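Scroll down for the structure; my scribbles are underneath it.
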Amino acid sequence: MAKKLALIASKGTLDWAYPPFILASTAAALDYEVSIFFTFYGLTLLKKDISDLKVSPLGNPAMPMPVSMPNLMQMLPGVESMATMMMKQKIADKGVASIQELREICLESGVKLIACQMTMDLFDFKREEFIDDIEIGGAATFFEFAGESDVNLFI
Amino acid sequence: MEFDKELDARGLNCPLPILRCKKSLAELQPGQILKVVATDPGSVKDFQAFCKQTGHELLSHEAANGEFTFVMKKRA
């Protein structure tokens with residue numbers, strides 16, 4: 001019987017979009033049955049257009065920067081978009097997949113994407129803002145598959 | 001070594017070589033041979049782990065000039 005993986009994706013920045021989609025697509029390649037529950041900021045990753053995901057160095061002293069900059073300076077206008085541009089350039093240069101590509105592979109390989117109903121209500125998101133191939137559910141829906149999974153991760 | 005299909009995964013980073021490999025294997029018949037060429041150093045351990053977990057047989061893997069070549073047989 002196939003192994004099962006359950007993920008919670010709770011973050012919606014460009015950097016944190018990677019772990020759930022990398023792990024889910026790889027697990028699917030290893031014949032796992034995979035479900036991802038997208039909640040709070042993670043829900044953003046199910047929007048139709050995810051080309052504008054951003055990464056911020058603010059409050060993240062571990063992020064490598066070309067020039068060292070006091071953390072307070074990183075609140076200045078333009079720093080976030082510069083950091084995002086640099087990150088996207090690095091991603092392309094190093095042959096790292098785009099989030100769109102990884103999400104597409106997840107869908108092709110049958111990964112179940114579940115959107116948190118409560119978060120949709122909380123942020124006034126409309127169903128039509130999201131891609132078609134999702135299910136919508138709540139915490140009990142998560143446990144329905146998490147309870148019988150071999151691996152459970154919160155990201 | 002003879003092969004039925006070749007996958008060029010050079011320049012791709014984790015997990016793309018594995019994901020592309022999975023896709024290529026799906027296009028083969030059981031018992032057919034897939035050759036993969038990658039440049040990601042992490043792929044050496046990853047392809048061994050992939051074959052171990054999926055049951056495809058890793059017939060050979062070698063490294064030369066910064067390229068890693070894997071030959072695997074699709075599981076029955």
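Going by the structure tokens order, chains are called A, B, ..., each with residues numbered from 1, while ligands are numbered from 1 in the order shown.
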Skipping near chain neighbours, those fewer than 5 positions away, what residues fall within 9 Å of Ile22 in chain A using only C-alpha atoms, listed as a ChimeraX atom specification? /A:17,27,99,102-103,106 /B:14-16
Distance table requested - chain B against chain A, cut-off 6 Å, only C-alpha atoms: one row per qualifying residue with the closest atom pair and its distance in Å to one decimal, ordered by chain and rising residue number, as CSV.
residue,atom,partner,partner_atom,distance
B:Gly11,CA,A:Gly95,CA,5.5
B:Leu12,CA,A:Gly95,CA,4.4
B:Asn13,CA,A:Val96,CA,5.0
B:Lys22,CA,A:Ala29,CA,5.9
B:Thr54,CA,A:Leu30,CA,5.8
Taking C-alpha atoms for each residue, export the selection above as a PDB file, in the first residue's frame.
ATOM      1  CA  GLY B  11      21.604  22.378 -15.102  1.00  0.00           C
ATOM      2  CA  LEU B  12      18.554  21.368 -13.085  1.00  0.00           C
ATOM      3  CA  ASN B  13      18.519  21.532  -9.319  1.00  0.00           C
ATOM      4  CA  LYS B  22       9.770   9.976 -12.793  1.00  0.00           C
ATOM      5  CA  THR B  54      10.355   2.955  -5.863  1.00  0.00           C
TER       6      THR B  54
END
Selection: 7 Å around Gly12 in chain A, only C-alpha atoms, excl. self and same-chain fewer than 6 positions, as a PDB file with C-alpha atoms, in the first residue's frame:
ATOM      1  CA  TYR A  41      -0.833  32.928   4.506  1.00  0.00           C
ATOM      2  CA  GLY A  42      -0.176  29.596   2.821  1.00  0.00           C
ATOM      3  CA  THR A  44      -2.014  32.521  -1.172  1.00  0.00           C
ATOM      4  CA  LEU A  45      -0.126  29.683  -2.877  1.00  0.00           C
TER       5      LEU A  45
END
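Among the candidates A:Met87, A:Ile136, A:Asp52, A:Glu33, the residue lying nearest to Thr119 in chain A is A:Ile136 (atoms considered: only C-alpha atoms).
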Excluding Ser35 in chain A and any residue of its chain fewer than 5 positions from it, enumerate the residues within 9 Å of it, using only C-alpha atoms, and give them as a list in words. Lys4, Leu5, Ala6, Leu7, Ile8, Ala24, Val111, Lys112, Leu113, Ile114, Phe142, Phe145 and Ala146 of chain A
For the residues in that selection, give me C-alpha atoms as an mmCIF file, in the first residue's frame.
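Listed below is the output, part24.cif:
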data_model
loop_
_atom_site.group_PDB
_atom_site.id
_atom_site.type_symbol
_atom_site.label_atom_id
_atom_site.label_comp_id
_atom_site.auth_asym_id
_atom_site.auth_seq_id
_atom_site.Cartn_x
_atom_site.Cartn_y
_atom_site.Cartn_z
ATOM 1 C CA LYS A 4 0.958 8.812 2.751
ATOM 2 C CA LEU A 5 2.230 12.320 3.394
ATOM 3 C CA ALA A 6 0.245 15.143 4.971
ATOM 4 C CA LEU A 7 1.556 18.707 4.884
ATOM 5 C CA ILE A 8 0.307 21.960 6.294
ATOM 6 C CA ALA A 24 4.923 17.108 -2.089
ATOM 7 C CA VAL A 111 -1.309 15.750 -5.049
ATOM 8 C CA LYS A 112 -4.475 16.859 -3.262
ATOM 9 C CA LEU A 113 -4.540 20.576 -2.528
ATOM 10 C CA ILE A 114 -6.950 21.581 0.197
ATOM 11 C CA PHE A 142 -7.015 17.746 7.496
ATOM 12 C CA PHE A 145 -5.975 12.213 5.859
ATOM 13 C CA ALA A 146 -3.358 13.264 8.442
#
Using DSSP assignments from the backbone, pull out every residue in chain B that falls under strand (DSSP E or B) and give it to me as a PDB file with N, CA and C atoms, in the first residue's frame.
ATOM      1  N   LYS B   5      15.830   5.230 -23.515  1.00  0.00           N
ATOM      2  CA  LYS B   5      15.487   6.648 -23.463  1.00  0.00           C
ATOM      3  C   LYS B   5      16.566   7.370 -22.678  1.00  0.00           C
ATOM      4  N   GLU B   6      16.849   8.609 -23.083  1.00  0.00           N
ATOM      5  CA  GLU B   6      17.843   9.386 -22.346  1.00  0.00           C
ATOM      6  C   GLU B   6      17.208  10.672 -21.852  1.00  0.00           C
ATOM      7  N   LEU B   7      17.508  11.016 -20.599  1.00  0.00           N
ATOM      8  CA  LEU B   7      16.994  12.259 -20.013  1.00  0.00           C
ATOM      9  C   LEU B   7      18.161  13.183 -19.696  1.00  0.00           C
ATOM     10  N   ASP B   8      18.099  14.375 -20.263  1.00  0.00           N
ATOM     11  CA  ASP B   8      19.128  15.378 -19.985  1.00  0.00           C
ATOM     12  C   ASP B   8      18.642  16.262 -18.847  1.00  0.00           C
ATOM     13  N   ALA B   9      19.186  16.033 -17.659  1.00  0.00           N
ATOM     14  CA  ALA B   9      18.779  16.812 -16.485  1.00  0.00           C
ATOM     15  C   ALA B   9      19.893  17.761 -16.073  1.00  0.00           C
ATOM     16  N   ILE B  33      15.171   0.567 -20.265  1.00  0.00           N
ATOM     17  CA  ILE B  33      16.301   1.227 -19.603  1.00  0.00           C
ATOM     18  C   ILE B  33      16.266   2.747 -19.845  1.00  0.00           C
ATOM     19  N   LEU B  34      16.428   3.494 -18.766  1.00  0.00           N
ATOM     20  CA  LEU B  34      16.497   4.957 -18.842  1.00  0.00           C
ATOM     21  C   LEU B  34      17.890   5.417 -18.416  1.00  0.00           C
ATOM     22  N   LYS B  35      18.444   6.310 -19.221  1.00  0.00           N
ATOM     23  CA  LYS B  35      19.730   6.906 -18.858  1.00  0.00           C
ATOM     24  C   LYS B  35      19.478   8.370 -18.492  1.00  0.00           C
ATOM     25  N   VAL B  36      20.017   8.804 -17.348  1.00  0.00           N
ATOM     26  CA  VAL B  36      19.842  10.187 -16.904  1.00  0.00           C
ATOM     27  C   VAL B  36      21.218  10.830 -16.730  1.00  0.00           C
ATOM     28  N   VAL B  37      21.379  12.021 -17.277  1.00  0.00           N
ATOM     29  CA  VAL B  37      22.605  12.785 -17.049  1.00  0.00           C
ATOM     30  C   VAL B  37      22.247  14.039 -16.270  1.00  0.00           C
ATOM     31  N   ALA B  38      22.911  14.245 -15.118  1.00  0.00           N
ATOM     32  CA  ALA B  38      22.614  15.390 -14.260  1.00  0.00           C
ATOM     33  C   ALA B  38      23.906  16.076 -13.847  1.00  0.00           C
ATOM     34  N   GLU B  57      15.410  -0.404 -10.782  1.00  0.00           N
ATOM     35  CA  GLU B  57      16.748  -0.921 -10.500  1.00  0.00           C
ATOM     36  C   GLU B  57      17.816   0.033 -11.028  1.00  0.00           C
ATOM     37  N   LEU B  58      18.683   0.504 -10.127  1.00  0.00           N
ATOM     38  CA  LEU B  58      19.786   1.379 -10.548  1.00  0.00           C
ATOM     39  C   LEU B  58      20.923   0.477 -11.031  1.00  0.00           C
ATOM     40  N   LEU B  59      21.103   0.431 -12.336  1.00  0.00           N
ATOM     41  CA  LEU B  59      22.089  -0.499 -12.899  1.00  0.00           C
ATOM     42  C   LEU B  59      23.497   0.053 -12.750  1.00  0.00           C
ATOM     43  N   SER B  60      23.644   1.373 -12.895  1.00  0.00           N
ATOM     44  CA  SER B  60      24.973   1.960 -12.725  1.00  0.00           C
ATOM     45  C   SER B  60      24.861   3.448 -12.446  1.00  0.00           C
ATOM     46  N   HIS B  61      25.850   3.974 -11.751  1.00  0.00           N
ATOM     47  CA  HIS B  61      25.957   5.425 -11.656  1.00  0.00           C
ATOM     48  C   HIS B  61      27.417   5.796 -11.632  1.00  0.00           C
ATOM     49  N   GLU B  62      27.762   6.802 -12.404  1.00  0.00           N
ATOM     50  CA  GLU B  62      29.158   7.218 -12.445  1.00  0.00           C
ATOM     51  C   GLU B  62      29.269   8.731 -12.557  1.00  0.00           C
ATOM     52  N   ALA B  63      30.419   9.240 -12.117  1.00  0.00           N
ATOM     53  CA  ALA B  63      30.671  10.674 -12.165  1.00  0.00           C
ATOM     54  C   ALA B  63      31.893  10.934 -13.027  1.00  0.00           C
ATOM     55  N   ALA B  64      31.782  11.913 -13.926  1.00  0.00           N
ATOM     56  CA  ALA B  64      32.931  12.317 -14.736  1.00  0.00           C
ATOM     57  C   ALA B  64      32.724  13.734 -15.217  1.00  0.00           C
ATOM     58  N   GLU B  67      29.673  15.717 -14.351  1.00  0.00           N
ATOM     59  CA  GLU B  67      28.373  15.165 -14.757  1.00  0.00           C
ATOM     60  C   GLU B  67      28.158  13.811 -14.099  1.00  0.00           C
ATOM     61  N   PHE B  68      26.914  13.564 -13.747  1.00  0.00           N
ATOM     62  CA  PHE B  68      26.567  12.310 -13.089  1.00  0.00           C
ATOM     63  C   PHE B  68      25.619  11.548 -13.997  1.00  0.00           C
ATOM     64  N   THR B  69      25.986  10.317 -14.287  1.00  0.00           N
ATOM     65  CA  THR B  69      25.189   9.509 -15.204  1.00  0.00           C
ATOM     66  C   THR B  69      24.585   8.321 -14.464  1.00  0.00           C
ATOM     67  N   PHE B  70      23.299   8.182 -14.615  1.00  0.00           N
ATOM     68  CA  PHE B  70      22.587   7.081 -13.955  1.00  0.00           C
ATOM     69  C   PHE B  70      21.893   6.243 -15.029  1.00  0.00           C
ATOM     70  N   VAL B  71      21.983   4.939 -14.863  1.00  0.00           N
ATOM     71  CA  VAL B  71      21.255   4.053 -15.760  1.00  0.00           C
ATOM     72  C   VAL B  71      20.332   3.194 -14.907  1.00  0.00           C
ATOM     73  N   MET B  72      19.052   3.249 -15.221  1.00  0.00           N
ATOM     74  CA  MET B  72      18.119   2.476 -14.403  1.00  0.00           C
ATOM     75  C   MET B  72      17.124   1.719 -15.254  1.00  0.00           C
ATOM     76  N   LYS B  73      16.659   0.622 -14.662  1.00  0.00           N
ATOM     77  CA  LYS B  73      15.723  -0.282 -15.354  1.00  0.00           C
ATOM     78  C   LYS B  73      14.356  -0.111 -14.703  1.00  0.00           C
TER      79      LYS B  73
END
